[in-house]
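Quick notes on the structure that follows.
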Amino acid sequence: MSELDLSTTLGNAWFPTPIFTASGCASSGRELAQFFALNEIGGVVTKSVMSKARTGRPTPRMAETPSGMLNSIGLQGPGIDVFIEKDIPYLVSQKARTIVSIAGETVEEYSTLARKLRSVAGISAVEVNISCPNVENRGLVFACDPEASRRVIDGVRRTLGGELPIIAKLSPDVTDLVAIAKGVVDAGADALALINTVLGMVINLDTMRPHLGGKTGGLSGPAIKPIAVRAVYQVHAALPKTPILGMGGISNGRDALEMIVAGASGVSIGTASFGNPTALVTIQNELRELLHAKGFASLRDAVGFAHREEAGK
Amino acid sequence: MSELDLSTTLGNAWFPTPIFTASGCASSGRELAQFFALNEIGGVVTKSVMSKARTGRPTPRMAETPSGMLNSIGLQGPGIDVFIEKDIPYLVSQKARTIVSIAGETVEEYSTLARKLRSVAGISAVEVNISCPNVENRGLVFACDPEASRRVIDGVRRTLGGELPIIAKLSPDVTDLVAIAKGVVDAGADALALINTVLGMVINLDTMRPHLGGKTGGLSGPAIKPIAVRAVYQVHAALPKTPILGMGGISNGRDALEMIVAGASGVSIGTASFGNPTALVTIQNELRELLHAKGFASLRDAVGFAHREEAGK
Amino acid sequence: MTMINKNAAQLNAMVVSNKRVGQYHQIILNVGDNAEKCKPGNFVAIKVGGDNSRMVLRRAFAISRVTKNVAFGGTIELIVAPHGQGSKWLCAQQEGALIDVVTPLGTAFGIPTEPVQVLLVGGGYGSAPLFGLAEVLNARGCRVDMLLGASTANKIYAPMEGKRSVNSLRIFTEDGSMGQKGRVTDPIPSLLSDLDIAVVYSCGPMAMLAAINDITMQTEVIHQCAVEESMACGIGICMTCVLPVANAQGEISMLRSCIDGPVMDGALVQWDKVGEVL
Amino acid sequence: MTMINKNAAQLNAMVVSNKRVGQYHQIILNVGDNAEKCKPGNFVAIKVGGDNSRMVLRRAFAISRVTKNVAFGGTIELIVAPHGQGSKWLCAQQEGALIDVVTPLGTAFGIPTEPVQVLLVGGGYGSAPLFGLAEVLNARGCRVDMLLGASTANKIYAPMEGKRSVNSLRIFTEDGSMGQKGRVTDPIPSLLSDLDIAVVYSCGPMAMLAAINDITMQTEVIHQCAVEESMACGIGICMTCVLPVANAQGEISMLRSCIDGPVMDGALVQWDKVGEVL
Ligand SMILES: Cc1cc2nc3c(=O)[nH]c(=O)nc-3n(C[C@H](O)[C@H](O)[C@H](O)COP(=O)(O)OP(=O)(O)OC[C@H]3O[C@@H](n4cnc5c(N)ncnc54)[C@H](O)[C@@H]3O)c2cc1C
Ligand SMILES: Cc1cc2nc3c(=O)[nH]c(=O)nc-3n(C[C@H](O)[C@H](O)[C@H](O)COP(=O)(O)OP(=O)(O)OC[C@H]3O[C@@H](n4cnc5c(N)ncnc54)[C@H](O)[C@@H]3O)c2cc1C
Ligand SMILES: Cc1cc2nc3c(=O)[nH]c(=O)nc-3n(C[C@H](O)[C@H](O)[C@H](O)COP(=O)(O)O)c2cc1C
Ligand SMILES: Cc1cc2nc3c(=O)[nH]c(=O)nc-3n(C[C@H](O)[C@H](O)[C@H](O)COP(=O)(O)O)c2cc1C
Ligand code: FES
Ligand code: FES
């Protein structure tokens, strides 16, 4: 069983296992290193970083919901320069494979971030989080606008050149996810990350107002798993050659396998780490055992397996 | 406390309480009558009926998910003629206030259904379920297409005349829910029902294929409550004068109150009845007590209360 | 018009006992007077997982036997296989625990008015309702023969006291670990031609029921089977549990197995169309 | 660079005892050797609701006392208010139950190197970590005075044995049902001017901490407070638990109360900006 090949690729980046942290759910990596070695898993996806330091949204920033939670962090972070100076060297020192997530408020900001990352050693891929309000267009979230999504990815692609793979991270809060996916792949994304959180709200019955400081927040956790599996399945059916980093509510090996057979080449674990700091390694071990039990010789054989032709049809 | 006025209105229809069944979650009413008197609650929203009898989607039609479930019924039903002949008289005999839900595959089918209902006595309102594939336009769900949504409601409005209130039931699976809501209100909807189920999928790890016969299904239950509250809040903020029938994961009085202060004039209970056949009356009692405890003199005062101006701002 | 769910009530039932029997748990619940309304074939729908459970749907279990108990009033017995999270939770409940049940639900086995000869066929925990049924048939003067089958010995549920109402009992396991090696359906054709059997009653996996029906369809024998479809509500309001069934006129429609079943006339069920679009 | 969460481990802790004390539960958990790493101010993050729970996040509780127990090895004590579903579940756990905990987490109270005079102020269950702290301070030779407050008598947690390490203890309730009627903050200004207090340690509701800080800011007294913000992860990875804190240069940033707290220097916390956008 130890022979089972768990390795995967996202664009031209190779990873020994398909298990990744989810952006914003592992901070810069240091915090989890007490619970497992960061190089044991497929890779670390860092918290989305912007060009300047940001203090984020007011508290309360979270609310627990049935089998899930809402968060409203507002991309608090140190800004790209401090990030490159302090966080990347740490991850490199831990031999962690690193996917840097970037976020911007303008098409230009994304390109600026890409330019700064271009020359940084030790990065495996760039995840482009386009679920941010576009300040140039009425605050409309980039990922909800096919044209804006394309332009962001196009800008990042031009800036990065052909080296680093680009993973475009999409929002499920759209009428036609496949159209957005096709657009960003056309614009140069090598892979897709699906799904970001679903927009939600909780009302606090003590104050009788929205509970979160930012009023709305992003829903994550097991509650959204069926939405995430559907998104991955739909997009893999439409774009079978584009690798997908699947996420949304994965809490155990079975969830990970569900996502993989739906079409994901790798999976990110977010909220599950909050409930269980060792979730990533537990899930990785469970996935390995399950793949073995189901008779797969490698992870690769399982990717998209739920789409196979039906016998006799 | 028994004095507390729970009555509500949707368009020109009056209901003694704001607690309704959700379409498709109470069949034709008879099944629940063993557990409580149908005239004890605000009203019964019937399963969406189409013009012809339909056998629906293949089984399996359901999968339980964390704090929710997927269903894929495919609008199985007897067709409008049998429905009018058999189900309406039963509801009338029980003195149940009845909202008839209609569904069609073409704009014309909705109008035909409305025409048949026009002359039927004992109906309080018509709920127009536009979360159906539009066979005239590549199977694109009406509710995901602002123009198609408008045309359906416009057709129903013209056919019904000004008497019966129209409640347009929208899908949350859209980029811009407020735009769709505004469109159908412009086209003549008196009220909105929010939200229909969220598109999801579960993979069966025994067969390694989508579990449901229809592959995808609709996610309902507590898992989607934060999405529903957000939808109601957003739409109420944009259209404060349009009454909303709120639904999605309501399982107790607190959930109902959350939805009401977010902006709902009434709430529908779906999945909760599957877990608890007496859910509607329990929720109604809990809501009454909570409103009282919070110091409201009437339901009306609580509708949209979470939107009130902040003191001093 | 008959009222749907007309005997059903939602109540908190106390666990009177919970014993492991082979791979199953025999669970006895105190349902008070409600027990009088429970007939062989009916089922209960149970809320699982406690207050903060992520499981929102009830689980269905056949009522195995009904007893009038001096200490507790009426009790019902369930035979539960620990399958997934919900049934495991139920199997872990201890004596004294209170459980939220809706009971009795669904159709019951039809009992012949005459003392005819009948054959009862059970697969796995499907034998559970057959012992209660055998008691009723026996009391009616019927001759009751029973066949039970499972993959292996500890999936056979055949309690000592249950055998009292049965004239003959034969057991089949696929691995030969108990009784005869083979399938429970193997002996049915010869039994139907050798004995004067009027009704076959069956309960077990859908494939077994279909196989039995293939046999009974070659004969005049009536086949009453208890089907098992996934149920979201158990009370007829969700339309998830349907299967294609013909009426007397041969018109096929999708009937709800929770209120038009679980006991159905096997001859009317469209076995080849189960799981298909009509 | 110091490692974040460097003493933390995830382990299954057995409930050694669970007793009601007023409105709280005193819960003792066996955490073995891990207890040696737990310091006053640290907290534990507990998984609640069992296997099928719809609650996905851990709950944070201050470590009240640490004991080396002959029978069990190291134990930690928690004082838990049954607030919502998660804490109620915890309060319902019986002796022998195994509980998934991550511990110890967060910063600890700083202990003076000299035997100075200190004041400990607790609100509600906020008194829990103060008794363990008092023991340590007492062993260091400090003079420890304590003020405890709550809305009403049975929300005061002040165990007999805890008082041993305390030179004086005064209790305040808003309804006067125990001790003096009034707020725990009322006597602080005069105490600070009358006694030679070097440090005020506080734990309780945010409003109480802010009020104490208003007082200490008028003086030279150090204020070490244990803050309480909603935490999704407890280990520094989610950024939900932040509050605005200045550094030595006066630059304000949003620090995580789970790893840069819960114990913080009250003088640096920007109390008026908590819950605002910077
Ligand atoms: C009328 C009827 C009578 C039954 N009688 C018995 C009995 O006497 N003893 C017994 O052990 N089991 C019986 N079952 C099956 C029992 O309902 C399932 O084993 C149980 O629901 C599984 O729940 P779970 O949470 O353990 O499994 P999971 O697989 O986690 O359940 C997930 C979901 O699928 C549904 N489901 C899974 N398996 C089945 C199944 N076989 N049939 C229907 N729904 C299923 C569950 O209800 C739940 O909603 C009966 C089912 C029906 C419909
Ligand atoms: C560092 C720290 C130490 C604490 N020490 C203690 C203690 O010693 N004794 C004690 O009784 N309580 C303590 N609390 C508060 C305790 O964490 C909450 O009462 C508990 O999380 C409530 O969970 P619930 O499920 O019962 O309530 P719910 O209101 O149902 O919880 C819903 C969500 O909100 C969060 N939440 C609710 N109230 C609080 C709160 N006051 N603080 C932080 N998060 C909250 C929960 O963690 C959960 O994620 C402490 C909190 C923190 C942050
Ligand atoms: C607290 C929190 C912070 C997050 N921050 C980011 C972020 O900075 N960038 C991003 O692309 N996604 C962010 N996400 C979304 C996650 O990466 C992930 O897409 C989502 O949570 C679904 O996965 P999960 O259910 O496993 O958490 C965040 C999620 C949470 C819960
Ligand atoms: C089994 C099932 C069948 C449904 N059928 C319909 C339907 O026929 N028409 C409709 O408008 N909505 C239908 N719905 C959606 C519900 O009316 C409701 O909008 C949704 O389930 C959210 O509410 P809930 O979480 O309380 O169930 C159905 C939902 C379920 C679970
Ligand atoms: S289980 Fe809901 S209709 Fe049968
Ligand atoms: S609770 Fe997650 S960062 Fe503090």
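Lettering and numbering for the structure tokens are positional, with chains as A, B, ... in the shown order, residues counted from 1 in each chain, and ligands counted from 1 in the shown order.
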As an mmCIF file with all heavy atoms, in the first residue's frame, could you give me every residue of chain D near chain C (at most 6 Å apart, counting only C-alpha atoms)?
data_model
loop_
_atom_site.group_PDB
_atom_site.id
_atom_site.type_symbol
_atom_site.label_atom_id
_atom_site.label_comp_id
_atom_site.auth_asym_id
_atom_site.auth_seq_id
_atom_site.Cartn_x
_atom_site.Cartn_y
_atom_site.Cartn_z
ATOM 1 N N ASN D 52 -21.234 12.928 15.213
ATOM 2 C CA ASN D 52 -22.111 13.382 14.134
ATOM 3 C C ASN D 52 -22.570 14.801 14.358
ATOM 4 O O ASN D 52 -23.645 15.202 13.939
ATOM 5 C CB ASN D 52 -23.325 12.471 14.024
ATOM 6 C CG ASN D 52 -22.894 11.063 13.776
ATOM 7 O OD1 ASN D 52 -22.242 10.793 12.776
ATOM 8 N ND2 ASN D 52 -23.218 10.172 14.687
ATOM 9 N N SER D 53 -21.721 15.571 15.029
ATOM 10 C CA SER D 53 -22.134 16.899 15.445
ATOM 11 C C SER D 53 -22.188 17.871 14.286
ATOM 12 O O SER D 53 -21.388 17.821 13.367
ATOM 13 C CB SER D 53 -21.123 17.402 16.478
ATOM 14 O OG SER D 53 -21.398 18.719 16.822
ATOM 15 N N ARG D 54 -23.160 18.772 14.351
ATOM 16 C CA ARG D 54 -23.199 19.844 13.358
ATOM 17 C C ARG D 54 -22.311 21.011 13.776
ATOM 18 O O ARG D 54 -22.199 21.994 13.052
ATOM 19 C CB ARG D 54 -24.632 20.287 13.109
ATOM 20 C CG ARG D 54 -25.356 20.706 14.362
ATOM 21 C CD ARG D 54 -26.807 20.893 14.067
ATOM 22 N NE ARG D 54 -27.185 22.283 14.254
ATOM 23 C CZ ARG D 54 -28.356 22.786 13.889
ATOM 24 N NH1 ARG D 54 -29.245 22.034 13.292
ATOM 25 N NH2 ARG D 54 -28.626 24.044 14.104
#
Name all residues at most 8 Å from stretch 127-132 of chain A (count only C-alpha atoms; drop same-chain ones fewer than 3 positions away) and give them as JSON, numbers by chain. {"A": [45, 48, 99, 100, 101, 102, 103, 104, 105, 141, 142, 143, 144, 149, 152, 153, 166, 167, 168, 169, 170, 171, 193, 196]}
Throw together the list of residues within 6 Å of ligand 6, counting only C-alpha atoms and all ligand atoms, and drop it here as a short mmCIF file (atom, residue, chain, number, x, y, z; two decimals) with N, CA, C and O atoms, in the first residue's frame.
data_model
loop_
_atom_site.label_atom_id
_atom_site.label_comp_id
_atom_site.auth_asym_id
_atom_site.auth_seq_id
_atom_site.Cartn_x
_atom_site.Cartn_y
_atom_site.Cartn_z
N MET D 231 -13.39 32.69 18.77
CA MET D 231 -12.29 32.01 18.10
C MET D 231 -12.82 30.87 17.25
O MET D 231 -13.54 30.02 17.75
N ALA D 232 -12.41 30.83 15.98
CA ALA D 232 -12.81 29.70 15.16
C ALA D 232 -11.82 28.55 15.27
O ALA D 232 -12.20 27.40 15.22
N CYS D 233 -10.52 28.86 15.42
CA CYS D 233 -9.52 27.78 15.40
C CYS D 233 -8.73 27.65 16.69
O CYS D 233 -8.33 26.56 17.06
N GLY D 234 -8.46 28.75 17.36
CA GLY D 234 -7.68 28.70 18.60
C GLY D 234 -6.19 28.52 18.41
O GLY D 234 -5.44 28.54 19.38
N ILE D 235 -5.73 28.34 17.17
CA ILE D 235 -4.31 28.06 16.95
C ILE D 235 -3.66 29.04 15.98
O ILE D 235 -2.56 28.79 15.48
N GLY D 236 -4.35 30.12 15.65
CA GLY D 236 -3.69 31.16 14.86
C GLY D 236 -3.84 31.07 13.35
O GLY D 236 -3.20 31.83 12.63
N ILE D 237 -4.69 30.17 12.85
CA ILE D 237 -4.75 30.03 11.40
C ILE D 237 -5.95 30.69 10.73
O ILE D 237 -6.02 30.73 9.51
N CYS D 238 -6.89 31.24 11.49
CA CYS D 238 -8.12 31.71 10.85
C CYS D 238 -8.29 33.23 10.84
O CYS D 238 -9.09 33.75 10.07
N MET D 239 -7.61 33.94 11.71
CA MET D 239 -7.70 35.40 11.79
C MET D 239 -9.08 35.92 12.21
O MET D 239 -9.44 37.05 11.89
N THR D 240 -9.86 35.12 12.93
CA THR D 240 -11.17 35.64 13.34
C THR D 240 -11.11 36.33 14.69
O THR D 240 -11.99 37.14 15.00
N CYS D 241 -10.10 36.04 15.50
CA CYS D 241 -10.11 36.40 16.92
C CYS D 241 -9.33 37.68 17.20
O CYS D 241 -8.87 37.88 18.32
N ARG D 256 -3.90 38.40 16.85
CA ARG D 256 -4.76 37.25 17.12
C ARG D 256 -4.77 36.96 18.62
O ARG D 256 -3.71 36.72 19.21
N SER D 257 -5.96 36.99 19.21
CA SER D 257 -6.02 36.79 20.66
C SER D 257 -5.74 35.34 21.03
O SER D 257 -5.54 35.05 22.19
N CYS D 258 -5.70 34.44 20.07
CA CYS D 258 -5.42 33.04 20.43
C CYS D 258 -3.93 32.76 20.55
O CYS D 258 -3.54 31.88 21.31
#
Contacts of B:Ser220 at 9 Å or less, counting only C-alpha atoms, minus same-chain residues fewer than 6 places along, as a list in words? Ser67, Gly68, Met69, Leu70, Asn71, Asn196, Thr197, Val198, Gly248, Gly249, Gly270 and Thr271 of chain B
Suppose you want the space between atom CA of D:Ala198 and atom CA of D:Gln117; what is it in Å?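 According to the coordinates, atom CA of D:Ala198 and atom CA of D:Gln117 are separated by 5.8 Å.
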Could you please extract the residues within 7 Å of ligand 1, counting only C-alpha atoms and all ligand atoms, and hand them back as a PyMOL selection string? (chain B and resi 63-64) or (chain C and resi 43+57-64+78-88+125-126+128+227-232+258+262)
Please check the contacts: residues of chain B at most 7 Å away from chain A, using only C-alpha atoms, listed as a list in words.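 My answer is Pro66, Ser67, Cys144, Asp173, Val174, Thr175, Leu199, Gly200, Met201, Val202, Ile203, Leu205, Met208, Arg209, Pro210, Pro222, Ala223, Pro226, Ile227, Val229, Arg230, Glu258 and Ala306 of chain B.
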Hey, which bits of chain B sit within 10 Å of ligand 5, and for each residue what's the closest pair of atoms and how far apart in Å (one decimal), counting only C-alpha atoms and all ligand atoms, rows by chain and increasing number, as a tab-separated table?
residue	atom	partner	partner_atom_place_in_ligand_line	distance
B:Cys25	CA	ligand 5	2 (Fe)	8.7
B:Ala26	CA	ligand 5	3 (S)	9.2
B:Ser27	CA	ligand 5	3 (S)	8.2
B:Glu31	CA	ligand 5	3 (S)	9.2
B:Met62	CA	ligand 5	1 (S)	9.5
B:Phe274	CA	ligand 5	2 (Fe)	7.3
Per DSSP on the backbone, what are the helix (DSSP H, G or I) residues of stretch 67-219 of chain C, as a count of residues only? 49
Run DSSP on the backbone and give me the residues of stretch 6-110 of chain D it puts in strand (DSSP E), as a PyMOL selection string. chain D and resi 9-21+24-30+43-46+59-62+65-69+73-80+98-105
Separating atom CA of A:Ser51 from atom CA of A:Tyr110, to the nearest tenth of an Å, is a gap of 8.4 Å
Do a neighbour search on C:Thr107 at 6 Å with only C-alpha atoms, toss out local chain neighbours closer than 4 positions, and write the hits as a PyMOL selection string. chain C and resi 42+261-263
Please, what distance in Å, to one decimal, runs between atom CA of B:Ala148 and atom CA of B:Ala181?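 Those two atoms sit 12.4 Å apart.
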Got a sec: who's within 8 Å of A:Asn285, counting only C-alpha atoms, leaving out chain neighbours fewer than 4 positions off, as a list in words?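 So the residues in contact are Gly253, Val281 and Glu289 of chain A.
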Tell me which protein, DNA and RNA residues are within 6 Å of D:Ala153, counting only C-alpha atoms, leaving out same-chain ones fewer than 3 positions away, and put them as a list in words.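 The neighbour list is Ile156, Ser177 and Met178 of chain D.
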Extract, using only C-alpha atoms, all DNA, RNA and protein residues at most 9 Å from D:Arg170, discarding same-chain residues fewer than 4 positions from it, and format them as JSON, numbers by chain. {"D": [145, 146, 147, 148, 149, 179, 180, 184]}
With C-alpha atoms kept, could you save the residues just selected as a PDB file, in the first residue's frame?
ATOM      1  CA  ASP D 145      -5.506  40.474  46.834  1.00  0.00           C
ATOM      2  CA  MET D 146      -8.508  39.355  44.860  1.00  0.00           C
ATOM      3  CA  LEU D 147     -11.789  40.947  43.762  1.00  0.00           C
ATOM      4  CA  LEU D 148     -14.507  38.849  42.177  1.00  0.00           C
ATOM      5  CA  GLY D 149     -17.710  40.116  40.643  1.00  0.00           C
ATOM      6  CA  GLY D 179     -20.724  39.964  49.131  1.00  0.00           C
ATOM      7  CA  GLN D 180     -21.078  43.683  48.497  1.00  0.00           C
ATOM      8  CA  VAL D 184     -16.023  44.698  40.977  1.00  0.00           C
TER       9      VAL D 184
END
